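Read through the structure below, which is laid out as structure tokens, and then see the notes.
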Amino acid sequence: MLAYIARRLLFMIPILFLISIVSFIALQLPPGDYLTDYAAQLSSMGEAPDLEAIDALRERYGLGEPVYVQYAKWVYGIVTRGDWGQSMEWQKPVSQLIWDRLGLTIALAIFSLLISWLIAIPVGVYTATHQYSRLDYLMSSFSFLGVGVPPFLWALIIMYLAQSLFGVNAGGLFSEKYLTAPWSVDKVIDMLKHIWIPALIIALVHTASELRTTRANLLDELNKPYVELARAKGLTERRLIWKYPVRVALNPFFSTVGWSLAQRISDITLMSVVLSLETTGPMQLRALVSQDMYLAGSILFLLSVLVVLGTLVSDIMLAWADPRIRLEG
Amino acid sequence: MAIVGQAEEPPRDISVEEEELRRAGEQVYVAPPWKLMWWRFRKHRMALVCTAVLIVFYFVAIFCEFVAPYDPDQALLQFKQVPPTAIHIRDAEGNFHFPFVYLHKRSMDRETLAITVVEDTSTRYPIEFFVHGYPYKLLGFWATDIHLYGLPAGKDQQGIFLLGTDRLGRDMFSRICYGARLSLSMGMISVFLSLALGVVLGGVSGYFGGKADVLIQRVIEFIRTIPTIPLYMTLAAALPVNWPVEWTYFGMTIILAVVGWTYLARVVRGRFLAMREEDFVLAARLNGSSEMRIILRHMLPSFLSYIIAALTLNIPNMILSETGLSFIGLGLRAPAISWGVLLQEATNVSSLMLSPWVLTPGFAVVISVLAFNFLGDGLRDAADPYAR
């Protein structure tokens, strides 16, 4: 098992390396850079840009150098000092800006994942064992809402309903009081009061497809001879279903945790922009628009790292749950 | 069920069933594959309905100037944020007429200063079809001014807004029709671009296997590791803001395709892998067919239907991505009209509260996405007519 995990960890290194290159190069694509825009902005406001100061900044951010030198410096800073570069727009190190936001993105993703599982597994098992029952039909019609309505649209609809019915603003993850406060127990409680709406929106969209997967997989398993055998031997129906076929049916479920995480992060990004949640979404959007490249690049890189880690966790979970995979390696 | 007339004309469902039984008995063995597929597809009622819906949508997209009653950019200043026009068939006295509308009248409460829009029931305006409106060129070359519907009234008396108007007094329905053109065509074009990439790379991967396969599979896994929307955002932000609409449009289709081809490549690869081992492929090879001939003549016809199904199921992703990106301001930008651009209006809370009908482009998105999903499901079921 340890060897298996070690091999997986080693495998991650080249992938992380590639992701960092892609994130960095993608940010070099737009013509011009932050400082050129900044200077243009100053002159459009009628102020003469202080060329010397701008050159000094250019030097500091390493903007004048070839791309590969900039890239090498960036990676070197991350690996040796945990320095993710400077955010030009915020005038702060990137590392001071992103961790809170990244944490909230992760919290939302995991929260929504848990909600999906809590609904998808029991309901999926029920609809598979009670095929063509009323709940089965209800759930398949419900899943169309998940398939057809994207999260950002849900966010708009919910924002409208919250405002028009209850007069509350559904946006944001914190009350005003805690917005700038340092982390404390109260702040976490305050966050939990707000986070369930966006988490539910994301969960809603994904539960539908996960429900269908569980149902389809379990239906396949239920027709196999070993189920028949167990039944003939007199196992209670509940024990029989939960102990064997469900375990097998959930396998593909766990193996797609990484993939599902990637999709959730995508959806969270868009939804956060609508609801102005304090996640990486709005920050990335702003950084991209103003060409604040170290900030935008670090966010893209770290989000991908999250997915890689998710895949690793799902691999380990699979190996733990399924001896066939563990032994094959 | 009515019994009268049954002798000559039995109820439809029974005749269909009988016909099918007869076919099952004899024709199944001689029918060509496309016929079997059609029979199977036909059973999927929802897919049939959705095909009709999509045909209507694409008709609107192609002939949006004709369907839209107003110029989508024309701001009718006296009609700002007018709610959807109700279509009546009964007037105030209770008499029935051909469908007609009343004009909207704005009145301000002297005390609260709140503006309310009420219908002016003094004059009826019957809806007319094929009326003269603003001039345009049908399909880009045929100059005309005929529109599907409208009011036969002068310019200042216009006022049929099926889905209301926005903050500047532009007709939402007309704007959605124009938005359909960009949003739906972009979904189509980018899916075909990603098909081209997917077929080449997936085909190489599945047909030749070996090192090429490993490499391409790694690339696919890698692309799927990066969360799609953040990646799309990064790439879309690279399109210069001052580009003309057409350039941004093609830039966006290329971005969507470059990231989105992996799904189709997987489907193509899976089909190639499954088919490589088939007896008829081996037979063709032993007969001395060239690789190209094996692929085009023997393999392609038997997996084309799968590709079409996968293609259809992939279009909604493209439409949703485009809408999402334009919606947050990174894809198409005004003055371009796409559903995502239209939805931007809804991010303005006061606008959303005063005129919730700015959300209607969202419903156009939902309907087209669902329709493509059902159609794709139906096609997937029909794709292998020999499966039981």
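Ordered as shown in the structure tokens, chains take letters A, B, and onward, while each chain numbers its residues from 1 and ligands are numbered from 1 in the order shown.
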- Query: Hey, what's within 9 Å of segment 149-158 of chain A if we count only C-alpha atoms and toss same-chain stuff fewer than 6 positions away? As a ChimeraX atom specification, please?
  - Reply: /A:170-171,197-198,201-202,204-205,267-268,270-275 /B:320,324,343,346-347,352,359,362-363,365-367,369-370
Dump N, CA and C atoms for the selected residues as a tab-separated table (two decimals), in the first residue's frame?
chain	number	residue	atom	x	y	z
A	170	ALA	N	-28.50	37.27	-1.19
A	170	ALA	CA	-27.95	35.92	-1.10
A	170	ALA	C	-26.45	35.88	-1.38
A	171	GLY	N	-25.89	37.02	-1.79
A	171	GLY	CA	-24.48	37.03	-2.15
A	171	GLY	C	-23.56	37.02	-0.95
A	197	ILE	N	-26.09	27.74	0.92
A	197	ILE	CA	-26.84	28.04	-0.31
A	197	ILE	C	-25.99	27.73	-1.55
A	198	PRO	N	-24.77	28.35	-1.65
A	198	PRO	CA	-23.96	28.00	-2.83
A	198	PRO	C	-23.58	26.52	-2.87
A	201	ILE	N	-26.40	24.70	-4.35
A	201	ILE	CA	-26.55	24.93	-5.80
A	201	ILE	C	-25.62	24.00	-6.57
A	202	ILE	N	-24.34	23.97	-6.13
A	202	ILE	CA	-23.37	23.12	-6.82
A	202	ILE	C	-23.77	21.65	-6.67
A	204	LEU	N	-26.70	20.36	-6.19
A	204	LEU	CA	-27.90	20.08	-6.97
A	204	LEU	C	-27.56	19.69	-8.40
A	205	VAL	N	-26.65	20.47	-8.99
A	205	VAL	CA	-26.31	20.25	-10.38
A	205	VAL	C	-25.60	18.90	-10.57
A	267	ASP	N	-17.60	25.09	-11.80
A	267	ASP	CA	-18.91	25.67	-11.52
A	267	ASP	C	-18.84	26.69	-10.40
A	268	ILE	N	-18.01	26.39	-9.39
A	268	ILE	CA	-17.88	27.32	-8.27
A	268	ILE	C	-17.33	28.65	-8.76
A	270	LEU	N	-17.64	30.14	-11.72
A	270	LEU	CA	-18.65	30.97	-12.37
A	270	LEU	C	-19.69	31.47	-11.38
A	271	MET	N	-20.13	30.55	-10.51
A	271	MET	CA	-21.19	30.91	-9.58
A	271	MET	C	-20.71	32.00	-8.62
A	272	SER	N	-19.45	31.90	-8.18
A	272	SER	CA	-18.92	32.86	-7.23
A	272	SER	C	-18.94	34.27	-7.81
A	273	VAL	N	-18.71	34.35	-9.14
A	273	VAL	CA	-18.72	35.67	-9.75
A	273	VAL	C	-20.12	36.28	-9.63
A	274	VAL	N	-21.14	35.44	-9.84
A	274	VAL	CA	-22.51	35.95	-9.76
A	274	VAL	C	-22.86	36.36	-8.33
A	275	LEU	N	-22.55	35.47	-7.40
A	275	LEU	CA	-22.97	35.72	-6.01
A	275	LEU	C	-21.92	36.52	-5.24
B	320	LEU	N	-23.03	25.96	-23.00
B	320	LEU	CA	-22.97	26.42	-21.61
B	320	LEU	C	-21.66	27.16	-21.35
B	324	GLY	N	-21.50	30.99	-20.21
B	324	GLY	CA	-20.88	31.34	-18.95
B	324	GLY	C	-19.79	32.38	-19.13
B	343	LEU	N	-27.52	37.86	-20.73
B	343	LEU	CA	-27.70	37.55	-19.31
B	343	LEU	C	-26.91	38.49	-18.41
B	346	ALA	N	-28.74	40.69	-16.25
B	346	ALA	CA	-29.37	40.18	-15.03
B	346	ALA	C	-28.44	40.25	-13.82
B	347	THR	N	-27.14	40.51	-14.05
B	347	THR	CA	-26.24	40.60	-12.90
B	347	THR	C	-26.43	41.92	-12.17
B	352	LEU	N	-32.51	43.43	-12.34
B	352	LEU	CA	-33.14	42.12	-12.15
B	352	LEU	C	-34.43	42.25	-11.35
B	359	LEU	N	-34.13	37.62	-17.32
B	359	LEU	CA	-33.63	36.26	-17.17
B	359	LEU	C	-34.04	35.34	-18.32
B	362	GLY	N	-31.81	33.07	-20.26
B	362	GLY	CA	-31.41	31.87	-19.53
B	362	GLY	C	-32.31	30.69	-19.86
B	363	PHE	N	-33.60	30.96	-20.04
B	363	PHE	CA	-34.50	29.85	-20.36
B	363	PHE	C	-34.25	29.33	-21.76
B	365	VAL	N	-31.35	29.18	-23.06
B	365	VAL	CA	-30.18	28.30	-22.88
B	365	VAL	C	-30.64	26.95	-22.34
B	366	VAL	N	-31.46	26.99	-21.28
B	366	VAL	CA	-31.89	25.74	-20.64
B	366	VAL	C	-32.63	24.85	-21.63
B	367	ILE	N	-33.55	25.45	-22.40
B	367	ILE	CA	-34.33	24.64	-23.33
B	367	ILE	C	-33.42	24.01	-24.38
B	369	VAL	N	-30.20	23.36	-24.19
B	369	VAL	CA	-29.31	22.36	-23.59
B	369	VAL	C	-30.07	21.07	-23.32
B	370	LEU	N	-31.27	21.18	-22.76
B	370	LEU	CA	-32.06	19.98	-22.49
B	370	LEU	C	-32.41	19.26	-23.79
With only C-alpha atoms counted and 6 Å as the cut-off, give the residues of segment 134-230 of chain B in contact with segment 242-259 of chain B, each with its shortest interatomic distance in Å and the pair that gives it, as a tab-separated table.
residue	atom	partner	partner_atom	distance
B:Ser190	CA	B:Thr253	CA	4.8
B:Leu193	CA	B:Ala257	CA	5.7
B:Ser194	CA	B:Ala257	CA	4.4
- Item | Residues of chain A within 7 Å of chain B, only C-alpha atoms counted, as a VMD selection string | chain A and resid 26 to 27 29 to 30 148 to 149 153 160 262 to 263 265 to 266 270 274 288 to 289 300 304 307 to 308
Could you write out that same residue set with C-alpha atoms as a PDB file, in the first residue's frame?
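Output file result_26.pdb follows:
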ATOM      1  CA  ALA A  26      -1.297  30.968 -20.878  1.00  0.00           C
ATOM      2  CA  LEU A  27      -0.824  34.221 -19.014  1.00  0.00           C
ATOM      3  CA  LEU A  29      -0.630  35.169 -24.343  1.00  0.00           C
ATOM      4  CA  PRO A  30      -2.354  38.541 -24.078  1.00  0.00           C
ATOM      5  CA  GLY A 148     -30.215  21.697 -17.994  1.00  0.00           C
ATOM      6  CA  VAL A 149     -29.791  24.615 -15.620  1.00  0.00           C
ATOM      7  CA  LEU A 153     -28.199  30.552 -13.707  1.00  0.00           C
ATOM      8  CA  TYR A 160     -33.741  37.073  -7.435  1.00  0.00           C
ATOM      9  CA  ALA A 262     -12.532  19.627 -11.408  1.00  0.00           C
ATOM     10  CA  GLN A 263     -16.087  20.158 -12.608  1.00  0.00           C
ATOM     11  CA  ILE A 265     -14.322  23.970  -9.174  1.00  0.00           C
ATOM     12  CA  SER A 266     -15.351  25.159 -12.639  1.00  0.00           C
ATOM     13  CA  LEU A 270     -18.652  30.970 -12.369  1.00  0.00           C
ATOM     14  CA  VAL A 274     -22.514  35.947  -9.759  1.00  0.00           C
ATOM     15  CA  LEU A 288      -7.131  38.220 -15.647  1.00  0.00           C
ATOM     16  CA  VAL A 289      -8.835  41.412 -16.737  1.00  0.00           C
ATOM     17  CA  LEU A 300      -4.951  28.536 -12.097  1.00  0.00           C
ATOM     18  CA  SER A 304      -5.260  22.289 -10.896  1.00  0.00           C
ATOM     19  CA  VAL A 307      -7.680  18.357  -8.778  1.00  0.00           C
ATOM     20  CA  VAL A 308      -4.438  16.370  -8.860  1.00  0.00           C
TER      21      VAL A 308
END
- Task: Take atom CA of Thr256 of chain A and atom CA of Leu218 of chain A and report the distance between them in Å, one decimal.
- Result: 16.4 Å
- Message: Using DSSP secondary structure from the backbone, list all alpha helix (DSSP H) positions within segment 70-246 of chain A, as number ranges by chain.
- Response: A: 70-81, 94-129, 134-148, 151-161, 185-222, 225-232, 237-243, 245-246
- Message: What does the structure give for the distance between atom CA of Val67 of chain A and atom CA of Gly82 of chain A, in Å to one decimal?
- Response: 20.4 Å
- Ser185 of chain B proximity check over B:Val199, B:Ala61, B:Ala383, B:Ala265, using only C-alpha atoms: winner is B:Ala61
Can you tell me which residues surround Ala128 of chain A at a distance of at most 10 Å, considering only C-alpha atoms, apart from same-chain residues fewer than 5 positions away, and format the answer as a JSON list (two decimals) with C-alpha atoms, in the first residue's frame?
[["chain", "number", "residue", "atom", "x", "y", "z"],
["A", 122, "PRO", "CA", -29.09, 6.36, -0.51],
["A", 123, "VAL", "CA", -31.49, 7.66, -3.14],
["A", 133, "SER", "CA", -41.41, 3.43, -8.45],
["A", 136, "ASP", "CA", -37.66, 6.76, -9.30],
["A", 211, "LEU", "CA", -27.53, 9.60, -8.85],
["A", 212, "ARG", "CA", -27.89, 8.18, -12.33],
["A", 214, "THR", "CA", -25.19, 4.92, -8.85],
["A", 215, "ARG", "CA", -28.53, 3.68, -10.09],
["A", 216, "ALA", "CA", -27.18, 2.31, -13.37],
["A", 217, "ASN", "CA", -24.16, 0.62, -11.75],
["A", 218, "LEU", "CA", -26.23, -0.95, -9.03],
["A", 219, "LEU", "CA", -28.81, -2.21, -11.53],
["A", 220, "ASP", "CA", -25.98, -3.96, -13.39],
["A", 222, "LEU", "CA", -28.09, -6.66, -8.92]]
- If you measure from atom CA of Lys193 of chain A to atom CA of Ala120 of chain A, what distance in Å do you get, rounded to one decimal?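 Atom CA of Ala120 of chain A lies 23.3 Å from atom CA of Lys193 of chain A.
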Could you pull out the strand (DSSP E) residues of segment 12-229 of chain A, going by DSSP on the backbone, and write them as a compact mmCIF listing (two decimals) with C-alpha atoms, in the first residue's frame?
# COMPACT_ATOMS: atom_id res chain seq x y z
CA GLN A 86 3.83 39.85 -6.34
CA SER A 87 0.31 40.84 -7.16
CA LYS A 92 0.92 42.55 -1.99
CA PRO A 93 2.60 39.17 -2.23
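If you count only C-alpha atoms and ignore residues fewer than 6 places along the chain from segment 272-281 of chain B, what sits within 7 Å of it is Gly203, Gly206, Tyr207 and Ile294 of chain B.
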Return as a tab-separated table the residues of segment 144-247 of chain B lying at most 12 Å from segment 36-59 of chain B, together with the closest atom-to-atom pair for each and the distance in Å to one decimal, counting only C-alpha atoms, with rows in chain order and ascending residue number.
residue	atom	partner	partner_atom	distance
B:Ile176	CA	B:Phe57	CA	10.6
B:Cys177	CA	B:Phe57	CA	8.7
B:Tyr178	CA	B:Phe57	CA	11.1
B:Gly179	CA	B:Phe57	CA	11.0
B:Ala180	CA	B:Phe57	CA	7.4
B:Arg181	CA	B:Tyr58	CA	7.8
B:Leu182	CA	B:Tyr58	CA	10.8
B:Ser183	CA	B:Tyr58	CA	10.5
B:Leu184	CA	B:Tyr58	CA	7.4
B:Ser185	CA	B:Tyr58	CA	8.5
B:Met186	CA	B:Tyr58	CA	12.0
B:Gly187	CA	B:Tyr58	CA	11.6
B:Met188	CA	B:Tyr58	CA	10.6
- Query: Of the candidates B:Val358, B:Val67, B:Leu304, B:Ala364, which one gets nearest to Arg170 of chain B if we count only C-alpha atoms?
  - Reply: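 Using only C-alpha atoms, the shortest distance to Arg170 of chain B belongs to B:Val358.
Closest to Ala3 of chain A among A:Ile115, A:Leu285, A:Met159, A:Ala319 is A:Ala319, based on only C-alpha atoms.
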